[in-house]
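The structure appears right after this line, and notes come after that.
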Amino acid sequence: MALLEPFGAELNLHTGVMESSKQLIHRRLSDMRGMYVNEAAETELQSAENPMIYEVYASEVPEETGQVLYCTTIIHPGRVGDEYFMTKGHFHSLRDRGEIYLGLSGKGYLLLQTEEGEPRAVPMHPGTAAYVPPFWAHRTANVGDEPFVFFAAWPGDSGHDYGTIEKIGFPQLLVSRGGQPVLVDNPRFSGVSG
Ligand code: F6R
Ligand code: ZN
């Protein structure tokens, strides 16, 4: 492993912007095809404005054993049908790698599931240090009217498995009912064996 130079990266604790980051990931609705349950609402919103759903400012730390990767995620406010804007979500490729999220601004939820499809949800606001234990898939959603921003740190060799979530989805959806976030069963959830 190379000996890296220590450094300090400045990040804006309100907006999540990390000026030094050369890796800015943008995900628009069209980058998440089929992930929202209401297909008609998805198609309509995509052809109308194809909104930016979330952005990630990533560190440039090498993805290798022993390193600690970090980033900020900014999820914009909005919904596809009743479902709040959210990240794609993933398992770590090495399933026994955990992660820490720290809420910086706005409000959201961390949604998790085991490989057996057992769901959990952790509300997040500024100051919430949320723990993603090893083996849990994770995604976040913005349930407020302003951007939901959080910081994340995870082991450098974790890797990301998006394919499993693209195939099976999450067991629960986070939807707005009377303006309040509510978890409901995902009618399309096929589970691990589906
Ligand atoms: C890294 C991690 C987060 C997410 C980010 C975007 O392991 O969990 O930094 O990568 O919030 O979400 P995804 O990766 O699901 O598009
Ligand atoms: Zn992760």
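Letters A, B, ... go to the chains of the structure tokens in the order shown; residues in each chain start at 1; ligands are counted from 1 in the same order.
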
Can you pull out every residue with an atom within 8 Å of ligand 2? Use only C-alpha atoms and all ligand atoms and format it as a ChimeraX atom specification. /A:89-92,98-99,137-138,154,158,160

List all protein, DNA and RNA residues that have an atom no more than 10 Å from any atom of ligand 1, counting only C-alpha atoms and all ligand atoms, and report them as a PyMOL selection string. chain A and resi 25-27+31-32+54-58+69-75+86-93+97-101+110+132+137-141+149-156+158-162+165

Same residues, N, CA and C atoms, saved as a compact mmCIF listing (two decimals), in the first residue's frame:
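Saved to result21.txt:
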```
# COMPACT_ATOMS: atom_id res chain seq x y z
N ILE A 25 -20.47 13.09 -8.52
CA ILE A 25 -21.39 12.17 -9.19
C ILE A 25 -22.78 12.78 -9.20
N HIS A 26 -23.41 12.86 -10.38
CA HIS A 26 -24.78 13.37 -10.50
C HIS A 26 -25.68 12.21 -10.83
N ARG A 27 -26.80 12.09 -10.13
CA ARG A 27 -27.78 11.09 -10.55
C ARG A 27 -29.13 11.76 -10.77
N ASP A 31 -31.19 8.16 -14.50
CA ASP A 31 -30.10 7.25 -14.09
C ASP A 31 -30.60 6.18 -13.11
N MET A 32 -31.89 6.25 -12.77
CA MET A 32 -32.44 5.33 -11.76
C MET A 32 -33.66 4.59 -12.30
N TYR A 54 -29.87 13.29 -6.80
CA TYR A 54 -28.83 13.46 -5.78
C TYR A 54 -27.46 13.63 -6.39
N GLU A 55 -26.56 14.21 -5.57
CA GLU A 55 -25.18 14.43 -5.98
C GLU A 55 -24.26 13.91 -4.88
N VAL A 56 -23.10 13.43 -5.29
CA VAL A 56 -22.12 12.90 -4.32
C VAL A 56 -20.77 13.55 -4.59
N TYR A 57 -20.19 14.16 -3.55
CA TYR A 57 -18.81 14.66 -3.62
C TYR A 57 -17.93 13.60 -2.98
N ALA A 58 -17.12 12.93 -3.78
CA ALA A 58 -16.34 11.80 -3.27
C ALA A 58 -14.90 12.20 -3.00
N LEU A 69 -12.64 5.48 2.99
CA LEU A 69 -13.23 6.35 1.97
C LEU A 69 -14.27 7.25 2.63
N TYR A 70 -14.51 8.41 2.04
CA TYR A 70 -15.56 9.29 2.58
C TYR A 70 -16.16 10.12 1.47
N CYS A 71 -17.36 10.62 1.71
CA CYS A 71 -18.02 11.49 0.73
C CYS A 71 -19.14 12.25 1.40
N THR A 72 -19.66 13.25 0.70
CA THR A 72 -20.93 13.86 1.12
C THR A 72 -21.97 13.54 0.05
N THR A 73 -23.21 13.33 0.50
CA THR A 73 -24.34 13.09 -0.41
C THR A 73 -25.37 14.18 -0.19
N ILE A 74 -25.87 14.71 -1.29
CA ILE A 74 -26.90 15.76 -1.25
C ILE A 74 -28.11 15.23 -2.00
N ILE A 75 -29.18 14.93 -1.28
CA ILE A 75 -30.40 14.46 -1.95
C ILE A 75 -31.37 15.63 -2.01
N MET A 86 -34.66 9.52 -3.48
CA MET A 86 -33.78 8.62 -2.71
C MET A 86 -32.56 8.25 -3.54
N THR A 87 -31.60 7.60 -2.88
CA THR A 87 -30.43 7.09 -3.59
C THR A 87 -30.76 5.71 -4.17
N LYS A 88 -29.88 5.24 -5.06
CA LYS A 88 -30.10 3.91 -5.65
C LYS A 88 -30.06 2.83 -4.58
N GLY A 89 -29.08 2.91 -3.70
CA GLY A 89 -28.93 1.91 -2.64
C GLY A 89 -28.08 0.75 -3.11
N HIS A 90 -27.40 0.13 -2.18
CA HIS A 90 -26.48 -0.97 -2.53
C HIS A 90 -26.15 -1.83 -1.31
N PHE A 91 -25.71 -3.05 -1.58
CA PHE A 91 -24.93 -3.82 -0.62
C PHE A 91 -23.47 -3.48 -0.89
N HIS A 92 -22.61 -3.62 0.11
CA HIS A 92 -21.18 -3.57 -0.19
C HIS A 92 -20.80 -4.91 -0.82
N SER A 93 -19.92 -4.86 -1.82
CA SER A 93 -19.52 -6.10 -2.51
C SER A 93 -18.92 -7.07 -1.50
N ARG A 97 -18.53 -5.38 5.41
CA ARG A 97 -17.99 -4.04 5.59
C ARG A 97 -19.12 -3.08 5.98
N GLY A 98 -18.95 -2.39 7.12
CA GLY A 98 -19.96 -1.46 7.61
C GLY A 98 -19.70 -0.03 7.15
N GLU A 99 -20.46 0.92 7.70
CA GLU A 99 -20.34 2.31 7.25
C GLU A 99 -20.95 3.22 8.31
N ILE A 100 -20.48 4.46 8.36
CA ILE A 100 -21.06 5.46 9.27
C ILE A 100 -21.57 6.64 8.45
N TYR A 101 -22.80 7.06 8.73
CA TYR A 101 -23.37 8.25 8.12
C TYR A 101 -23.54 9.30 9.22
N LEU A 110 -32.58 6.68 6.68
CA LEU A 110 -31.69 5.61 6.20
C LEU A 110 -32.54 4.34 6.19
N VAL A 132 -24.42 1.82 9.82
CA VAL A 132 -24.80 0.76 8.89
C VAL A 132 -23.92 -0.44 9.24
N ALA A 137 -27.82 -3.90 3.32
CA ALA A 137 -27.95 -2.98 2.19
C ALA A 137 -28.49 -1.67 2.72
N HIS A 138 -28.14 -0.55 2.05
CA HIS A 138 -28.56 0.75 2.56
C HIS A 138 -28.86 1.73 1.44
N ARG A 139 -29.87 2.54 1.70
CA ARG A 139 -30.25 3.65 0.81
C ARG A 139 -30.77 4.77 1.70
N THR A 140 -30.76 6.01 1.20
CA THR A 140 -31.27 7.14 1.98
C THR A 140 -32.31 7.89 1.16
N ALA A 141 -33.23 8.55 1.86
CA ALA A 141 -34.28 9.31 1.18
C ALA A 141 -34.46 10.64 1.90
N VAL A 149 -28.56 16.40 3.51
CA VAL A 149 -27.11 16.29 3.30
C VAL A 149 -26.50 15.44 4.40
N PHE A 150 -25.67 14.49 4.03
CA PHE A 150 -24.96 13.70 5.05
C PHE A 150 -23.57 13.33 4.58
N PHE A 151 -22.73 13.06 5.57
CA PHE A 151 -21.35 12.64 5.35
C PHE A 151 -21.30 11.13 5.58
N ALA A 152 -20.45 10.42 4.84
CA ALA A 152 -20.32 8.97 5.00
C ALA A 152 -18.85 8.57 5.01
N ALA A 153 -18.53 7.53 5.78
CA ALA A 153 -17.16 6.98 5.79
C ALA A 153 -17.24 5.47 5.87
N TRP A 154 -16.42 4.77 5.05
CA TRP A 154 -16.50 3.32 4.97
C TRP A 154 -15.16 2.72 4.53
N PRO A 155 -14.93 1.44 4.79
CA PRO A 155 -13.63 0.82 4.47
C PRO A 155 -13.33 0.82 2.97
N GLY A 156 -12.06 1.05 2.67
CA GLY A 156 -11.65 1.27 1.29
C GLY A 156 -11.85 0.10 0.34
N SER A 158 -14.49 -1.98 0.38
CA SER A 158 -15.88 -2.46 0.45
C SER A 158 -16.46 -2.81 -0.92
N GLY A 159 -16.27 -1.94 -1.88
CA GLY A 159 -16.90 -2.12 -3.19
C GLY A 159 -18.41 -1.90 -3.09
N HIS A 160 -19.07 -1.75 -4.25
CA HIS A 160 -20.51 -1.49 -4.27
C HIS A 160 -21.22 -2.48 -5.19
N ASP A 161 -22.21 -3.16 -4.65
CA ASP A 161 -23.06 -4.06 -5.44
C ASP A 161 -24.42 -3.38 -5.62
N TYR A 162 -24.60 -2.74 -6.78
CA TYR A 162 -25.88 -2.09 -7.10
C TYR A 162 -26.85 -3.08 -7.75
N ILE A 165 -29.77 -4.77 -5.73
CA ILE A 165 -30.90 -3.86 -5.42
C ILE A 165 -31.69 -3.53 -6.69
```

Nearest to A:Met1: which of A:Ser20, A:Thr65, A:Thr164, A:Gln180 is it, counting only C-alpha atoms?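 Checking each of A:Ser20, A:Thr65, A:Thr164, A:Gln180 against A:Met1, counting only C-alpha atoms, the winner is A:Thr65.
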
Those in stretch 33-180 of chain A with helix (DSSP H, G or I) from DSSP, as JSON, numbers by chain: {"A": [39, 40, 41, 42, 43, 44, 45, 46, 47, 48, 163, 164, 165, 166, 167, 168]}

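Distance annotation: of A:Leu29, A:Leu4, A:Ala40, A:Leu112, the residue with the minimal separation from A:Pro62 is A:Leu4; atom set is only C-alpha atoms.
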
Spatial neighbours of A:Ala9, 10 Å, only C-alpha atoms, chain gap at least 6 places, as a ChimeraX atom specification: /A:18-21,59

Give one line per residue of stretch 70-166 of chain A that approaches stretch 184-190 of chain A to at most 12 Å, naming the two atoms of the closest pair and their distance in Å to one decimal, counting only C-alpha atoms; sort by chain then ascending residue number and deliver it as a tab-separated table.
```
residue	atom	partner	partner_atom	distance
A:Asp82	CA	A:Val184	CA	11.1
A:Glu83	CA	A:Val184	CA	10.3
A:Gln113	CA	A:Phe189	CA	11.8
A:Glu116	CA	A:Ser190	CA	11.0
A:Gly117	CA	A:Phe189	CA	9.0
A:Glu118	CA	A:Asp185	CA	11.6
A:Pro119	CA	A:Asp185	CA	9.9
A:Arg120	CA	A:Val184	CA	11.9
A:Ala121	CA	A:Val184	CA	11.5
A:Thr164	CA	A:Ser190	CA	11.1
A:Ile165	CA	A:Phe189	CA	10.1
A:Glu166	CA	A:Phe189	CA	10.9
```

DSSP strand (DSSP E) residues within stretch 30-172 of chain A, as a count of residues only: 61

Nearest to A:Glu44: which of A:Phe148, A:Gly81, A:Gly106, A:Gln172 is it, counting only C-alpha atoms?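 So, comparing all the options, the nearest one is A:Gly81.
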